[in-house]
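Trainee: Hey, dropping final-v7.cif in here, mmCIF, C-alpha atoms and all ligand atoms:
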```
data_start
loop_
_atom_site.label_atom_id
_atom_site.label_comp_id
_atom_site.auth_asym_id
_atom_site.auth_seq_id
_atom_site.Cartn_x
_atom_site.Cartn_y
_atom_site.Cartn_z
CA MET A 983 147.79 89.20 184.59
CA LYS A 984 148.03 86.88 181.61
CA HIS A 985 151.36 85.52 180.37
CA PHE A 986 152.02 83.55 177.17
CA ILE A 987 154.26 80.72 178.34
CA THR A 988 152.42 77.73 176.89
CA THR A 989 149.36 77.54 174.63
CA GLN A 990 147.88 75.07 177.11
CA GLU A 991 147.29 78.04 179.41
CA TRP A 992 145.17 79.75 176.72
CA SER A 993 141.70 78.66 175.66
CA ARG A 994 140.96 77.50 172.12
CA SER A 995 138.82 80.59 171.52
CA GLU A 996 141.67 82.85 172.65
CA LEU A 997 144.04 81.08 170.26
CA ASP A 998 141.46 81.33 167.47
CA ASP A 999 141.14 85.08 168.12
CA LEU A 1000 144.93 85.50 167.88
CA LEU A 1001 144.98 83.62 164.57
CA ALA A 1002 142.09 85.67 163.18
CA HIS A 1003 143.77 88.92 164.17
CA ALA A 1004 147.08 87.71 162.73
CA THR A 1005 145.34 87.16 159.40
CA GLU A 1006 144.05 90.72 159.50
CA LEU A 1007 147.50 92.08 160.41
CA LYS A 1008 148.99 90.11 157.54
CA ARG A 1009 146.69 92.02 155.17
CA GLU A 1010 147.30 95.40 156.84
CA PRO A 1011 150.65 95.28 158.66
CA MET A 1012 150.97 98.90 159.82
CA GLN A 1013 148.53 99.42 162.70
CA PRO A 1014 149.25 101.65 165.73
CA LEU A 1015 148.37 99.05 168.37
CA LEU A 1016 151.57 99.48 170.41
CA GLU A 1017 151.90 103.25 170.22
CA GLY A 1018 153.79 104.49 173.28
CA LYS A 1019 154.57 100.91 174.37
CA ALA A 1020 157.93 99.26 174.90
CA VAL A 1021 158.83 95.57 174.69
CA ALA A 1022 161.92 93.96 176.25
CA LEU A 1023 163.28 91.04 174.22
CA VAL A 1024 165.59 89.03 176.48
CA PHE A 1025 167.70 86.51 174.57
CA PHE A 1026 169.78 83.93 176.42
CA ASN A 1027 170.28 82.09 173.08
CA PRO A 1028 170.76 83.04 169.41
CA SER A 1029 167.96 83.74 166.96
CA LEU A 1030 167.29 84.94 163.43
CA ARG A 1031 163.50 84.68 163.02
CA THR A 1032 162.35 85.37 166.56
CA ARG A 1033 164.47 88.44 167.09
CA SER A 1034 163.80 90.05 163.73
CA SER A 1035 160.06 89.29 163.72
CA PHE A 1036 159.52 90.62 167.26
CA GLU A 1037 161.59 93.75 166.60
CA ILE A 1038 159.98 94.51 163.25
CA GLY A 1039 156.50 93.61 164.46
CA THR A 1040 156.81 96.00 167.40
CA TRP A 1041 157.98 98.75 165.04
CA GLN A 1042 155.12 98.09 162.60
CA MET A 1043 152.68 98.69 165.48
CA GLY A 1044 154.33 101.93 166.63
CA GLY A 1045 156.11 100.49 169.68
CA HIS A 1046 159.75 100.19 170.63
CA ALA A 1047 161.69 96.97 171.26
CA VAL A 1048 164.86 96.75 173.31
CA VAL A 1049 166.99 93.63 172.84
CA LEU A 1050 169.00 92.37 175.80
CA GLU A 1051 171.47 89.47 175.76
CA PRO A 1052 172.38 88.65 179.36
CA GLY A 1053 176.05 87.78 179.60
CA GLN A 1054 176.79 89.59 176.31
CA GLY A 1055 176.15 93.28 176.75
CA ALA A 1056 173.64 92.89 179.57
CA TRP A 1057 174.58 91.50 182.99
CA ALA A 1058 174.66 87.74 183.37
CA MET A 1059 171.71 86.68 185.49
CA ALA A 1060 171.08 84.35 188.45
CA PHE A 1061 167.76 82.61 189.12
CA GLY A 1062 168.09 80.57 192.31
CA GLU A 1063 165.87 81.40 195.28
CA GLY A 1064 168.14 82.40 198.16
CA GLU A 1065 171.16 81.93 195.90
CA VAL A 1066 174.54 83.10 197.22
CA MET A 1067 175.69 84.94 194.10
CA ASP A 1068 179.40 84.30 194.30
CA GLY A 1069 179.70 83.17 190.65
CA VAL A 1070 179.63 85.06 187.35
CA PRO A 1071 176.11 86.61 187.41
CA GLU A 1072 175.92 90.17 188.75
CA GLU A 1073 172.13 90.43 188.52
CA HIS A 1074 169.24 88.40 189.92
CA VAL A 1075 166.04 87.89 187.92
CA SER A 1076 164.12 89.30 190.88
CA GLU A 1077 165.54 92.77 190.18
CA ALA A 1078 165.89 92.40 186.40
CA ALA A 1079 162.22 91.47 185.90
CA ARG A 1080 160.94 94.21 188.20
CA VAL A 1081 163.17 96.89 186.67
CA LEU A 1082 162.25 95.93 183.10
CA SER A 1083 158.59 96.02 184.18
CA ARG A 1084 159.04 99.69 185.12
CA TYR A 1085 160.38 100.49 181.63
CA CYS A 1086 158.41 98.11 179.45
CA ASP A 1087 154.85 96.95 178.88
CA LEU A 1088 155.86 93.40 177.91
CA ILE A 1089 158.85 91.14 178.51
CA ALA A 1090 159.67 88.35 176.07
CA VAL A 1091 162.24 85.69 176.97
CA ARG A 1092 164.21 83.04 175.06
CA ALA A 1093 165.99 80.57 177.36
CA PHE A 1094 166.87 77.11 176.08
CA PRO A 1095 167.55 74.18 178.43
CA LYS A 1096 171.06 73.78 179.86
CA PHE A 1097 171.14 70.17 178.51
CA GLN A 1098 172.60 68.74 181.73
CA ASP A 1099 169.68 67.62 183.89
CA TRP A 1100 166.21 67.34 182.40
CA SER A 1101 164.59 67.21 185.85
CA VAL A 1102 165.88 70.78 186.28
CA ASP A 1103 165.30 72.01 182.72
CA ARG A 1104 161.72 70.73 182.66
CA GLN A 1105 160.86 73.26 185.40
CA ASP A 1106 161.36 76.08 182.86
CA LEU A 1107 162.90 78.08 185.68
CA VAL A 1108 164.11 81.10 183.70
CA ILE A 1109 160.80 82.12 182.16
CA ARG A 1110 158.78 81.06 185.19
CA SER A 1111 161.05 83.28 187.34
CA PHE A 1112 160.50 86.21 184.99
CA ALA A 1113 156.75 85.61 185.21
CA LYS A 1114 156.92 85.42 189.01
CA HIS A 1115 158.77 88.71 189.44
CA ALA A 1116 157.54 90.78 186.47
CA THR A 1117 154.56 93.06 186.84
CA VAL A 1118 153.87 93.00 183.07
CA PRO A 1119 152.98 90.05 180.81
CA VAL A 1120 155.79 87.65 179.89
CA ILE A 1121 156.04 85.98 176.47
CA ASN A 1122 157.83 82.72 175.69
CA MET A 1123 160.19 83.13 172.71
CA GLU A 1124 161.25 79.46 173.13
CA THR A 1125 162.21 77.66 176.29
CA ILE A 1126 161.04 74.05 176.59
CA THR A 1127 158.09 74.88 174.36
CA HIS A 1128 157.85 77.33 171.47
CA PRO A 1129 154.28 78.65 171.51
CA CYS A 1130 154.83 81.47 168.98
CA GLN A 1131 156.05 78.84 166.50
CA GLU A 1132 152.89 76.84 167.23
CA LEU A 1133 150.65 79.71 166.16
CA ALA A 1134 152.70 80.41 163.02
CA HIS A 1135 152.57 76.72 162.11
CA ILE A 1136 148.81 76.44 162.57
CA LEU A 1137 148.22 79.62 160.58
CA ALA A 1138 150.37 78.29 157.72
CA LEU A 1139 148.35 75.04 157.69
CA GLN A 1140 145.03 76.90 157.79
CA GLU A 1141 146.14 79.05 154.87
CA ARG A 1142 147.38 76.10 152.81
CA PHE A 1143 144.26 74.00 153.44
CA GLY A 1144 141.97 77.02 152.99
CA THR A 1145 140.12 76.42 156.23
CA SER A 1146 140.50 77.17 159.92
CA ASP A 1147 139.15 73.68 160.66
CA LEU A 1148 142.10 71.25 160.71
CA ARG A 1149 140.22 68.42 162.44
CA GLY A 1150 140.94 64.98 161.08
CA LYS A 1151 144.07 65.92 159.12
CA LYS A 1152 146.64 63.13 159.25
CA TYR A 1153 149.68 64.78 160.82
CA VAL A 1154 153.12 63.24 161.29
CA LEU A 1155 155.60 64.80 163.67
CA THR A 1156 158.83 63.10 162.69
CA TRP A 1157 162.13 63.01 164.54
CA THR A 1158 165.09 63.56 162.23
CA TYR A 1159 168.80 63.08 162.61
CA HIS A 1160 170.97 66.05 163.57
CA PRO A 1161 174.63 65.84 164.58
CA LYS A 1162 173.90 67.45 167.95
CA PRO A 1163 171.16 66.75 170.49
CA LEU A 1164 168.62 69.55 170.18
CA ASN A 1165 165.89 71.01 172.35
CA THR A 1166 162.55 69.17 172.54
CA ALA A 1167 160.69 72.51 172.59
CA VAL A 1168 159.35 72.51 169.03
CA ALA A 1169 158.45 68.83 169.17
CA ASN A 1170 156.59 69.39 172.45
CA SER A 1171 154.83 72.34 170.89
CA ALA A 1172 153.92 70.56 167.66
CA ALA A 1173 152.44 67.65 169.61
CA ILE A 1174 150.27 69.83 171.79
CA ILE A 1175 149.06 72.30 169.15
CA ALA A 1176 148.34 69.74 166.41
CA THR A 1177 146.22 67.73 168.85
CA ARG A 1178 144.61 70.92 170.17
CA PHE A 1179 143.33 71.58 166.66
CA GLY A 1180 141.90 68.06 166.36
CA MET A 1181 144.37 66.50 163.95
CA ASP A 1182 145.21 62.79 163.92
CA VAL A 1183 148.77 63.06 165.15
CA THR A 1184 151.51 60.43 164.94
CA LEU A 1185 154.79 61.02 166.74
CA LEU A 1186 157.34 59.16 164.59
CA CYS A 1187 160.71 58.50 166.26
CA PRO A 1188 163.41 55.80 166.23
CA ASP A 1189 162.39 54.09 169.46
CA GLU A 1190 160.77 54.63 172.85
CA ARG A 1191 163.78 56.53 174.13
CA TYR A 1192 162.79 59.41 171.84
CA ARG A 1193 159.36 59.83 173.43
CA LEU A 1194 158.75 63.35 174.63
CA ASP A 1195 158.42 64.26 178.28
CA GLU A 1196 155.25 62.76 179.76
CA ARG A 1197 153.88 66.26 180.51
CA TYR A 1198 153.64 66.91 176.75
CA MET A 1199 152.63 63.37 175.87
CA GLY A 1200 149.85 63.74 178.45
CA TRP A 1201 148.72 67.11 177.14
CA ALA A 1202 148.71 65.78 173.58
CA THR A 1203 146.60 62.80 174.63
CA GLN A 1204 144.19 65.02 176.57
CA ASN A 1205 143.95 67.54 173.72
CA ALA A 1206 143.21 64.78 171.23
CA GLU A 1207 140.42 63.44 173.44
CA GLU A 1208 138.91 66.89 173.87
CA ALA A 1209 139.22 67.94 170.22
CA GLY A 1210 138.13 64.60 168.73
CA GLY A 1211 141.48 63.74 167.13
CA SER A 1212 144.08 61.17 168.08
CA PHE A 1213 147.65 60.93 169.32
CA SER A 1214 149.89 57.90 168.91
CA VAL A 1215 153.57 56.96 168.72
CA SER A 1216 155.09 55.01 165.84
CA HIS A 1217 158.56 53.78 164.98
CA ASN A 1218 157.50 52.62 161.51
CA ILE A 1219 158.48 55.20 158.89
CA GLU A 1220 156.46 53.76 156.00
CA GLU A 1221 153.27 53.36 158.02
CA ALA A 1222 153.52 56.84 159.51
CA TYR A 1223 154.08 58.61 156.19
CA THR A 1224 151.44 56.70 154.25
CA GLY A 1225 148.51 59.06 153.65
CA ALA A 1226 149.97 61.87 155.77
CA GLU A 1227 148.58 65.30 154.94
CA VAL A 1228 151.18 67.12 157.04
CA VAL A 1229 154.77 66.15 157.79
CA TYR A 1230 156.45 68.28 160.43
CA ALA A 1231 160.14 67.55 161.02
CA LYS A 1232 162.28 68.21 164.06
CA SER A 1233 165.30 66.69 165.72
CA TRP A 1234 165.65 66.35 169.48
CA GLY A 1235 167.86 64.69 172.03
CA ALA A 1236 166.58 61.52 173.71
CA LEU A 1237 165.57 62.42 177.26
CA PRO A 1238 167.01 59.27 178.94
CA PHE A 1239 170.46 60.45 177.75
CA PHE A 1240 170.06 64.02 178.96
CA GLY A 1241 173.48 65.25 180.09
CA ASN A 1242 175.05 61.99 178.92
CA TRP A 1243 175.02 62.77 175.22
CA ASP A 1244 178.06 60.70 174.21
CA ALA A 1245 176.01 57.61 175.02
CA GLU A 1246 173.21 58.79 172.73
CA LYS A 1247 175.51 59.46 169.77
CA PRO A 1248 175.64 55.89 168.36
CA ILE A 1249 171.83 55.65 168.47
CA ARG A 1250 171.45 59.04 166.83
CA ASP A 1251 174.04 58.13 164.16
CA ALA A 1252 172.22 54.88 163.40
CA ASN A 1253 169.05 56.78 162.52
CA LYS A 1254 170.18 59.12 159.76
CA HIS A 1255 167.61 57.47 157.52
CA PHE A 1256 164.87 59.43 159.29
CA ILE A 1257 165.72 62.30 156.92
CA VAL A 1258 162.64 63.65 155.15
CA ASP A 1259 163.24 62.83 151.49
CA GLU A 1260 161.32 62.54 148.23
CA ALA A 1261 160.71 58.79 148.65
CA LYS A 1262 159.05 59.28 152.02
CA MET A 1263 157.03 62.29 150.86
CA ALA A 1264 155.83 60.21 147.88
CA LEU A 1265 153.92 58.08 150.40
CA THR A 1266 151.91 61.05 151.66
CA ALA A 1267 148.30 61.95 150.83
CA ASN A 1268 146.95 62.44 147.31
CA GLY A 1269 149.84 60.75 145.55
CA GLY A 1270 152.60 62.48 147.50
CA GLN A 1271 151.00 65.89 147.94
CA GLY A 1272 151.27 66.08 151.73
CA VAL A 1273 152.69 69.35 152.99
CA PHE A 1274 156.05 69.59 154.71
CA SER A 1275 157.20 72.09 157.28
CA HIS A 1276 159.96 72.79 159.79
CA CYS A 1277 160.42 75.63 162.27
CA LEU A 1278 163.85 76.58 160.86
CA PRO A 1279 166.78 76.77 161.07
CA ALA A 1280 167.20 73.37 159.39
CA ARG A 1281 170.36 71.67 158.12
CA ARG A 1282 169.70 70.84 154.48
CA ASN A 1283 170.27 67.24 153.38
CA ILE A 1284 170.56 66.25 157.03
CA LYS A 1285 167.03 66.83 158.30
CA ALA A 1286 165.35 67.18 154.91
CA THR A 1287 166.59 67.03 151.34
CA ASP A 1288 166.85 70.09 149.10
CA ALA A 1289 163.98 68.74 147.01
CA VAL A 1290 161.68 68.53 150.05
CA MET A 1291 162.73 71.91 151.46
CA ASP A 1292 162.19 73.61 148.07
CA SER A 1293 159.08 71.70 147.02
CA PRO A 1294 155.84 73.62 146.30
CA ASN A 1295 154.45 71.57 149.20
CA SER A 1296 156.99 73.01 151.62
CA LEU A 1297 155.59 75.61 154.05
CA ILE A 1298 158.88 76.53 155.70
CA ILE A 1299 158.98 80.13 154.48
CA GLU A 1300 155.25 80.71 154.97
CA GLU A 1301 155.49 79.43 158.54
CA ALA A 1302 158.50 81.65 159.24
CA GLU A 1303 156.70 84.68 157.78
CA ASN A 1304 153.70 83.95 159.98
CA ARG A 1305 155.85 84.36 163.08
CA LEU A 1306 155.64 88.10 162.41
CA HIS A 1307 151.86 88.20 162.10
CA VAL A 1308 150.93 85.93 165.01
CA GLN A 1309 153.36 87.66 167.36
CA LYS A 1310 151.91 91.05 166.48
CA ALA A 1311 148.45 89.73 167.33
CA LEU A 1312 149.85 88.38 170.60
CA LEU A 1313 151.58 91.63 171.54
CA ALA A 1314 148.39 93.58 170.82
CA ALA A 1315 146.29 91.16 172.87
CA LEU A 1316 148.63 91.28 175.85
CA VAL A 1317 148.61 95.09 176.03
CA GLY A 1318 144.84 95.10 175.65
CA ALA A 1319 144.91 96.99 172.36
CA PRO A 1320 141.44 97.39 170.83
CA VAL A 1321 141.09 95.03 167.88
CA ARG A 1322 138.77 95.90 165.01
CA ALA A 1323 135.87 93.50 164.57
N1 LIG B 1401 162.16 79.14 164.56
C1 LIG B 1401 162.88 80.02 165.29
O1 LIG B 1401 162.56 80.29 166.46
O2 LIG B 1401 163.93 80.59 164.66
P1 LIG B 1401 165.10 81.39 165.35
O3 LIG B 1401 165.82 80.42 166.28
O4 LIG B 1401 165.97 81.88 164.24
O5 LIG B 1401 164.53 82.52 166.15
#
```
Go ahead and render the structure in this file as structure tokens.
Ligand code: CP

Mentor:
Amino acid sequence: MKHFITTQEWSRSELDDLLAHATELKREPMQPLLEGKAVALVFFNPSLRTRSSFEIGTWQMGGHAVVLEPGQGAWAMAFGEGEVMDGVPEEHVSEAARVLSRYCDLIAVRAFPKFQDWSVDRQDLVIRSFAKHATVPVINMETITHPCQELAHILALQERFGTSDLRGKKYVLTWTYHPKPLNTAVANSAAIIATRFGMDVTLLCPDERYRLDERYMGWATQNAEEAGGSFSVSHNIEEAYTGAEVVYAKSWGALPFFGNWDAEKPIRDANKHFIVDEAKMALTANGGQGVFSHCLPARRNIKATDAVMDSPNSLIIEEAENRLHVQKALLAALVGAPVRA
């Protein structure tokens, strides 16, 4: 049984098929590919885009989505093997995943890190436990990666550049300031998908402490080798932006300070100048015509200026819209729905 937990577990041709089908679904949204099917959407964290696009996408394909928020209307859940459940959770994932599998054809899960111990969070225990116990496919709606965002991002770039071939595009994944330490999921995802599609990817961040986990650095390096692109790290803003065709912005907490965030705060505060602004975008390709994107939500004038967010070169709304189309293609693929040639 195939799950969608990371794109690394899917072949390039499978990802290409999803993107092609998403394009078709974008043209003709109402297709009965989930008729009689039910999808459980399990949210341990808030969402605007993910929840609405999965719910509406399921409806557009004739299926039914049930939203569950463990701890807020659904039972709080435990995950430990052999755990003595004498705390708050009333339910163990072992039962929850098997019961939902009897009702539903797919289970999608959003579970952010706990932000206390990266050696624990990097195991992605919540979604991996669902995948272990479920008897239906499990979809990642953002844990320590965000694979649905990856597909939406790539589709937005393919549309903007007018080609499915993104090889050789100069791509900058830039850290930005944010008042709170955020998840590395989207940064991990951007690094692995941009390299998977053969782009020349620079990870721009304040210093070595903002490197991503070596699992994702390693995958990005391997992907670049296999796809004929490149992957490097830079701390030089001007060099990284110069000639960039794509600027993708995200903030994340520095992993060496995981669970010790007060110690990271002065470093974070000293790097507010990483904001994506008009002066930096002016350095990009073709006289400042590089495209900008962000997964959203994004704090305006903290991560990127109004002018960058609202520029004709900004893909933020296109990328968010594409969440709907790529997820519909994914849902259809995972239930084995016949796709028109
Ligand atoms: N990009 C994204 O996943 O948005 P939400 O957190 O609103 O779902």

Trainee: Quick check, in Å to one decimal: how far apart do atom CA of Ala1202 of chain A and atom CA of His1135 of chain A lie?

Mentor: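 Interatomic distance here is 16.3 Å.
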
Trainee: Enumerate as a list in words the residues within 8 Å of ligand LIG 1401 (chain B), counting all atoms listed in the file.

Mentor: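 So, counting all atoms listed in the file, the residues near ligand LIG 1401 (chain B) are Pro1028, Ser1029, Leu1030, Arg1031, Thr1032, Arg1033, Ser1034, Met1123, Glu1124, His1128, Gln1131, Cys1277, Leu1278, Pro1279 and Ala1302 of chain A.
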
Trainee: Kindly give the distance, in Å, that separates atom CA of Leu1316 of chain A and atom CA of Met983 of chain A, rounded to a single decimal.

Mentor: 9.0 Å

Trainee: Which neighbours of Phe986 of chain A fall inside 9 Å, counting only C-alpha atoms, when residues of the same chain fewer than 4 positions from it are skipped, and could you give them as a compact mmCIF listing (two decimals) with C-alpha atoms, keeping the file's coordinate frame?

Mentor:
```
# COMPACT_ATOMS: atom_id res chain seq x y z
CA GLU A 991 147.29 78.04 179.41
CA TRP A 992 145.17 79.75 176.72
CA PRO A 1119 152.98 90.05 180.81
CA VAL A 1120 155.79 87.65 179.89
CA ILE A 1121 156.04 85.98 176.47
CA ASN A 1122 157.83 82.72 175.69
CA PRO A 1129 154.28 78.65 171.51
CA CYS A 1130 154.83 81.47 168.98
CA LEU A 1312 149.85 88.38 170.60
CA LEU A 1316 148.63 91.28 175.85
```

Trainee: In Å to one decimal, how far is atom CA of Pro1095 of chain A from atom CA of Val1228 of chain A?

Mentor: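 That distance, rounded to one decimal, is 27.8 Å.
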
Trainee: Which polymer residues, whether protein, DNA or RNA, lie within 7 Å of the coordinate (167.9, 91.1, 172.5) when you count all atoms listed in the file? List them as a short mmCIF file (atom, residue, chain, number, x, y, z; two decimals) with C-alpha atoms, in the frame of the given file, using the chain letters and numbers from the file.

Mentor:
```
data_model
loop_
_atom_site.label_atom_id
_atom_site.label_comp_id
_atom_site.auth_asym_id
_atom_site.auth_seq_id
_atom_site.Cartn_x
_atom_site.Cartn_y
_atom_site.Cartn_z
CA LEU A 1023 163.28 91.04 174.22
CA VAL A 1024 165.59 89.03 176.48
CA PHE A 1025 167.70 86.51 174.57
CA ARG A 1033 164.47 88.44 167.09
CA VAL A 1048 164.86 96.75 173.31
CA VAL A 1049 166.99 93.63 172.84
CA LEU A 1050 169.00 92.37 175.80
CA GLU A 1051 171.47 89.47 175.76
#
```

Trainee: Could you give me segment 1229-1239 of chain A completed to all heavy atoms, formatted as an mmCIF file, in the frame of the given file?

Mentor:
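Saved to part.cif:
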```
data_model
loop_
_atom_site.group_PDB
_atom_site.id
_atom_site.type_symbol
_atom_site.label_atom_id
_atom_site.label_comp_id
_atom_site.auth_asym_id
_atom_site.auth_seq_id
_atom_site.Cartn_x
_atom_site.Cartn_y
_atom_site.Cartn_z
ATOM 1 N N VAL A 1229 153.554 66.719 157.201
ATOM 2 C CA VAL A 1229 154.770 66.150 157.790
ATOM 3 C C VAL A 1229 155.542 67.305 158.410
ATOM 4 O O VAL A 1229 155.924 68.258 157.712
ATOM 5 C CB VAL A 1229 155.646 65.451 156.722
ATOM 6 C CG1 VAL A 1229 156.960 64.979 157.345
ATOM 7 C CG2 VAL A 1229 154.887 64.290 156.091
ATOM 8 N N TYR A 1230 155.712 67.232 159.724
ATOM 9 C CA TYR A 1230 156.450 68.280 160.430
ATOM 10 C C TYR A 1230 157.703 67.635 161.001
ATOM 11 O O TYR A 1230 157.627 66.637 161.722
ATOM 12 C CB TYR A 1230 155.588 68.883 161.541
ATOM 13 C CG TYR A 1230 156.053 70.247 162.016
ATOM 14 C CD1 TYR A 1230 156.246 71.295 161.107
ATOM 15 C CD2 TYR A 1230 156.262 70.514 163.359
ATOM 16 C CE1 TYR A 1230 156.644 72.553 161.527
ATOM 17 C CE2 TYR A 1230 156.661 71.781 163.784
ATOM 18 C CZ TYR A 1230 156.842 72.800 162.856
ATOM 19 O OH TYR A 1230 157.239 74.044 163.271
ATOM 20 N N ALA A 1231 158.868 68.192 160.656
ATOM 21 C CA ALA A 1231 160.140 67.550 161.020
ATOM 22 C C ALA A 1231 160.849 68.331 162.116
ATOM 23 O O ALA A 1231 160.836 69.561 162.127
ATOM 24 C CB ALA A 1231 161.027 67.481 159.784
ATOM 25 N N LYS A 1232 161.478 67.577 163.006
ATOM 26 C CA LYS A 1232 162.280 68.210 164.060
ATOM 27 C C LYS A 1232 163.220 67.152 164.626
ATOM 28 O O LYS A 1232 162.848 65.993 164.745
ATOM 29 C CB LYS A 1232 161.359 68.743 165.173
ATOM 30 C CG LYS A 1232 162.070 69.540 166.243
ATOM 31 C CD LYS A 1232 162.587 70.873 165.727
ATOM 32 C CE LYS A 1232 163.404 71.632 166.754
ATOM 33 N NZ LYS A 1232 164.778 71.129 166.893
ATOM 34 N N SER A 1233 164.403 67.587 164.999
ATOM 35 C CA SER A 1233 165.300 66.690 165.720
ATOM 36 C C SER A 1233 165.302 67.056 167.199
ATOM 37 O O SER A 1233 165.103 68.222 167.551
ATOM 38 C CB SER A 1233 166.731 66.824 165.182
ATOM 39 O OG SER A 1233 167.543 65.835 165.769
ATOM 40 N N TRP A 1234 165.503 66.060 168.049
ATOM 41 C CA TRP A 1234 165.650 66.350 169.480
ATOM 42 C C TRP A 1234 166.479 65.264 170.150
ATOM 43 O O TRP A 1234 166.592 64.148 169.636
ATOM 44 C CB TRP A 1234 164.295 66.506 170.182
ATOM 45 C CG TRP A 1234 163.386 65.298 170.170
ATOM 46 C CD1 TRP A 1234 163.342 64.299 171.094
ATOM 47 C CD2 TRP A 1234 162.354 64.992 169.203
ATOM 48 N NE1 TRP A 1234 162.352 63.389 170.775
ATOM 49 C CE2 TRP A 1234 161.738 63.791 169.618
ATOM 50 C CE3 TRP A 1234 161.896 65.623 168.038
ATOM 51 C CZ2 TRP A 1234 160.692 63.214 168.899
ATOM 52 C CZ3 TRP A 1234 160.863 65.027 167.326
ATOM 53 C CH2 TRP A 1234 160.274 63.852 167.757
ATOM 54 N N GLY A 1235 167.060 65.640 171.265
ATOM 55 C CA GLY A 1235 167.860 64.690 172.030
ATOM 56 C C GLY A 1235 166.975 63.772 172.853
ATOM 57 O O GLY A 1235 165.945 64.206 173.374
ATOM 58 N N ALA A 1236 167.373 62.495 172.952
ATOM 59 C CA ALA A 1236 166.580 61.520 173.710
ATOM 60 C C ALA A 1236 166.706 61.813 175.207
ATOM 61 O O ALA A 1236 167.813 61.857 175.748
ATOM 62 C CB ALA A 1236 167.055 60.108 173.404
ATOM 63 N N LEU A 1237 165.556 61.985 175.851
ATOM 64 C CA LEU A 1237 165.570 62.420 177.260
ATOM 65 C C LEU A 1237 166.305 61.475 178.208
ATOM 66 O O LEU A 1237 166.967 61.941 179.141
ATOM 67 C CB LEU A 1237 164.135 62.672 177.745
ATOM 68 C CG LEU A 1237 163.402 63.818 177.020
ATOM 69 C CD1 LEU A 1237 161.972 63.959 177.552
ATOM 70 C CD2 LEU A 1237 164.147 65.141 177.173
ATOM 71 N N PRO A 1238 166.273 60.137 177.995
ATOM 72 C CA PRO A 1238 167.010 59.270 178.940
ATOM 73 C C PRO A 1238 168.528 59.522 178.917
ATOM 74 O O PRO A 1238 169.226 59.099 179.842
ATOM 75 C CB PRO A 1238 166.694 57.853 178.447
ATOM 76 C CG PRO A 1238 165.432 57.993 177.669
ATOM 77 C CD PRO A 1238 165.468 59.352 177.053
ATOM 78 N N PHE A 1239 169.014 60.193 177.866
ATOM 79 C CA PHE A 1239 170.460 60.450 177.750
ATOM 80 C C PHE A 1239 170.805 61.899 178.086
ATOM 81 O O PHE A 1239 171.920 62.333 177.828
ATOM 82 C CB PHE A 1239 170.931 60.130 176.330
ATOM 83 C CG PHE A 1239 170.770 58.686 175.967
ATOM 84 C CD1 PHE A 1239 169.630 58.254 175.317
ATOM 85 C CD2 PHE A 1239 171.746 57.761 176.313
ATOM 86 C CE1 PHE A 1239 169.456 56.908 174.996
ATOM 87 C CE2 PHE A 1239 171.583 56.428 175.995
ATOM 88 C CZ PHE A 1239 170.434 56.003 175.341
#
```
